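Written below as structure tokens is the structure these notes are about.
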Amino acid sequence: MGNATSTPAQPLITRLRELADVERARREAADLAVAEAERVLQETQHLQRVAAERHAAVLATVEAAEAYVGQQTQDASDIGSRNEQTERLGADTPATPSTPGRSLKHLVVDALNVGEVTPLTLIYDRVREVRPDSTASAIRAALATLHKKETVEIVRRGAYRLLEIPEGYRTDT
């Protein structure tokens with residue numbers, strides 16, 4: 001009797017095992033999909049953090065640039081107000097041309113005389129008389145540019161000679 005009932009149930013059990021295998025494969029595929037989604041989520045969150053850090057760095061740069069431009073604008077207005085004050089007081093005008101709008105290269109050329117050897121320290125002093133905030137490295141950079149244009153000659157270390165007045169150089173402003 002036990003054999004009679006088990007024989008017709010055999011195909012049913014086989015079919016149920018097949019369904020169990022199919023469902024196990026679906027579960028494994030779903031587990032793999034979840035693992036992949038978690039990996040992609042972690043990768044996306046990392047990219048999001050990197051983007052947020054870059055955005056913060058760019059904002060900090062923008063704020064620094066705005067502060068710098070604001071300071072430059074304030075410095076320019078201070079120079080304008082000082083010039084107006086000088087005109088009102090009737091003070092003597094300096095022997096060198098006015099500096100607003102004059103590049104550091106022009107100031108370096110002003111500090112040199114054609115054909116004369118001028119020590120670097122004297123160039124620093126002459127430029128800083130007109131523009132006190134000029135750094136030594138900025139003055140040397142201007143000299144290097146003039147040297148590349150063959151306007152200034154390096155006589156020896158720390159000594160320069162103006163070979164010619166640069167083309168387009170204006171002494172008025």
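We label chains A, B, ... in the order they appear in the structure tokens, count residues from 1 in each chain, and number ligands from 1 in the order shown.
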
**Item:** Neighbour list for region 116-133 of chain A as number ranges by chain, cut-off 7 Å, only C-alpha atoms, skip fewer than 3 positions in-chain
**Value:** A: 99, 107-108, 111-113, 136, 158-162

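Relative to CA of Tyr169 (chain A), CA of Asp110 (chain A) is found at 10.1 Å.
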